[in-house]
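Below: the structure, in structure tokens.
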Amino acid sequence: MKGTIYKGIGGFYYVMTEELGSVECKARGKFRRERIIPMIGDEVEIEVKNGKGSINEIYPRRSKLIRPAVANIDMIVVVAAAKSPDPSTAVIDKMLVNAEINGIEPIVCVNKIDLADCSDLMKLYENAGYRTLAVSAEKGEGIEELYSLIRGRTAAFAGVSGVGKSSLLTLITGQGLETGSVSDKISRGRHTTRHVELFKIQGGGYVLDTPGFSSIEPEDVTCEELSQCFPEMRELTGQCRFRGCAHIGEPDCAVKEMVRSGKIAASRYESYKELYEIQRSRKQWT
């Protein structure tokens, strides 16, 4: 019987199946011997005997995140707020780079458009090559478009505290969850257990929150690969004077020329330089 792991607590894995709904399972010992740890989002083959389930097989993963540990993510919805809190392009860029590193389609979603104009922010990321949409969880604006994008897929929501991820997830899942209850499941509180959980949405697909998603470790991407994680820079590959141009101090750099002409946003280039220096300094100490 095939299913999807949507939750894991204390060595038990909860698998959603078409035939039986949710089934509590244990992983067979072979996975431990082979040092394979089942992940939330894994598509698995299970066997059920006397009401107890066991995971017999883990199907190949389409994608995998380490922070948080989750598999088979199709899309990352990077949520920012038009206001309260004010959007940080540096943070947004870091999350977009992380999506690119992991080969997952990113979307920029600006929430709270009822509080402030977001046209400049939207234009910034549209020009960089990203799909963007503006929503208001408070007013219900843009929610249907967001829902249509993620229906039938597994979409992870990323964003800093206060941007309205929980409100958006509540609207999309239609479970009547109170604001904050989804994120409670992934935060360490006095009365909560830290875990990531997939929430099924009507029409097929899952959504989840992603704590720690903005963290980029030294092994994730090399300095040479970093520019490939910026779509507007990736398009200029091979156009610089020097092969392997870092786009920092080299002459006749196509990227820097595009920045000077305004065709690449200065904020995007600053994010690139900051991440480049962080990765370069980390490599020197590893």
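Convention: chains lettered A, B, ... in structure tokens order; per-chain residue numbering from 1; ligands numbered from 1 as shown.
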Can you tell me, as a VMD selection string, what residues are no more than 6 Å from stretch 90-97 of chain A when counting only C-alpha atoms, ignoring any on the same chain fewer than 5 positions away?
chain A and resid 214 229 271
Residue neighbourhood stretch 261-263 of chain A, 12 Å, only C-alpha atoms, exclusion window fewer than 2 positions, as a short mmCIF file (atom, residue, chain, number, x, y, z; two decimals) with N, CA and C atoms, in the first residue's frame:
```
data_model
loop_
_atom_site.label_atom_id
_atom_site.label_comp_id
_atom_site.auth_asym_id
_atom_site.auth_seq_id
_atom_site.Cartn_x
_atom_site.Cartn_y
_atom_site.Cartn_z
N LYS A 123 7.86 44.26 -8.64
CA LYS A 123 8.61 44.52 -9.86
C LYS A 123 10.06 44.06 -9.73
N LEU A 124 10.65 44.28 -8.55
CA LEU A 124 12.02 43.87 -8.29
C LEU A 124 12.21 42.38 -8.58
N GLU A 126 9.97 40.26 -10.13
CA GLU A 126 9.56 39.91 -11.49
C GLU A 126 10.70 40.13 -12.47
N ASN A 127 11.40 41.26 -12.33
CA ASN A 127 12.54 41.57 -13.20
C ASN A 127 13.70 40.60 -12.99
N ALA A 128 13.78 40.04 -11.79
CA ALA A 128 14.84 39.07 -11.50
C ALA A 128 14.52 37.69 -12.07
N GLY A 129 13.28 37.50 -12.53
CA GLY A 129 12.92 36.24 -13.17
C GLY A 129 12.05 35.33 -12.34
N GLU A 232 18.93 36.18 -12.92
CA GLU A 232 19.34 37.26 -13.80
C GLU A 232 20.84 37.23 -14.06
N MET A 233 21.62 36.64 -13.14
CA MET A 233 23.06 36.47 -13.36
C MET A 233 23.34 35.21 -14.17
N LEU A 236 23.65 35.47 -17.84
CA LEU A 236 24.84 36.12 -18.38
C LEU A 236 26.07 35.21 -18.38
N ALA A 254 30.16 41.29 -17.13
CA ALA A 254 28.82 41.52 -17.68
C ALA A 254 27.81 41.78 -16.58
N VAL A 255 27.97 41.11 -15.44
CA VAL A 255 27.04 41.28 -14.33
C VAL A 255 27.14 42.70 -13.78
N LYS A 256 28.36 43.15 -13.52
CA LYS A 256 28.53 44.50 -12.97
C LYS A 256 28.04 45.56 -13.94
N GLU A 257 28.19 45.31 -15.22
CA GLU A 257 27.70 46.26 -16.23
C GLU A 257 26.18 46.33 -16.19
N MET A 258 25.52 45.20 -15.99
CA MET A 258 24.06 45.17 -15.90
C MET A 258 23.59 45.87 -14.63
N VAL A 259 24.38 45.78 -13.57
CA VAL A 259 24.04 46.49 -12.33
C VAL A 259 24.15 47.99 -12.56
N ALA A 265 19.02 44.68 -10.31
CA ALA A 265 18.78 45.53 -9.15
C ALA A 265 20.00 45.57 -8.23
N ALA A 266 20.31 46.76 -7.72
CA ALA A 266 21.45 46.92 -6.82
C ALA A 266 21.29 46.06 -5.57
N SER A 267 20.06 45.94 -5.06
CA SER A 267 19.83 45.14 -3.85
C SER A 267 20.14 43.66 -4.09
N ARG A 268 19.82 43.18 -5.29
CA ARG A 268 20.12 41.79 -5.62
C ARG A 268 21.62 41.57 -5.69
N TYR A 269 22.33 42.53 -6.28
CA TYR A 269 23.78 42.40 -6.38
C TYR A 269 24.43 42.48 -5.00
#
```
Work out how far apart atom CA of A:Lys49 and atom CA of A:Ile5 are and give it in Å to one decimal.
18.1 Å
Proximity check stretch 16-48 of chain A to stretch 58-63 of chain A, 7 Å, nearest pairs one decimal Å, only C-alpha atoms, as a Markdown table:
```
| residue | atom | partner | partner_atom | distance |
| --- | --- | --- | --- | --- |
| A:Asp42 | CA | A:Ile58 | CA | 6.7 |
| A:Glu43 | CA | A:Tyr59 | CA | 5.6 |
| A:Val44 | CA | A:Ile58 | CA | 4.5 |
| A:Glu45 | CA | A:Ile58 | CA | 6.5 |
```
Just-selected residues, all heavy atoms written as a CSV table (one decimal), in the first residue's frame:
```
chain,number,residue,atom,x,y,z
A,42,ASP,N,8.2,11.8,2.4
A,42,ASP,CA,8.6,10.6,1.6
A,42,ASP,C,7.4,9.8,1.1
A,42,ASP,O,6.4,9.6,1.9
A,42,ASP,CB,9.4,9.6,2.5
A,42,ASP,CG,10.9,9.9,2.5
A,42,ASP,OD1,11.4,10.4,1.5
A,42,ASP,OD2,11.6,9.5,3.5
A,43,GLU,N,7.5,9.4,-0.1
A,43,GLU,CA,6.5,8.4,-0.6
A,43,GLU,C,7.0,7.0,-0.3
A,43,GLU,O,8.1,6.7,-0.7
A,43,GLU,CB,6.3,8.7,-2.1
A,43,GLU,CG,5.7,10.1,-2.4
A,43,GLU,CD,5.7,10.4,-3.9
A,43,GLU,OE1,6.3,9.6,-4.7
A,43,GLU,OE2,5.2,11.4,-4.3
A,44,VAL,N,6.1,6.3,0.3
A,44,VAL,CA,6.6,5.0,0.9
A,44,VAL,C,5.6,3.9,0.5
A,44,VAL,O,4.4,4.1,0.2
A,44,VAL,CB,6.7,5.1,2.4
A,44,VAL,CG1,7.8,6.1,2.8
A,44,VAL,CG2,5.4,5.5,3.1
A,45,GLU,N,6.1,2.7,0.7
A,45,GLU,CA,5.2,1.5,0.6
A,45,GLU,C,5.1,0.9,2.0
A,45,GLU,O,6.1,0.7,2.7
A,45,GLU,CB,5.9,0.4,-0.4
A,45,GLU,CG,5.0,-0.8,-0.7
A,45,GLU,CD,3.8,-0.4,-1.6
A,45,GLU,OE1,4.0,0.5,-2.5
A,45,GLU,OE2,2.8,-1.0,-1.5
```
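When only C-alpha atoms are used to compute distances to A:Gly205, the closest of the residues A:Val221, A:Ile73, A:Leu121, A:Ala134 turns out to be A:Ile73.
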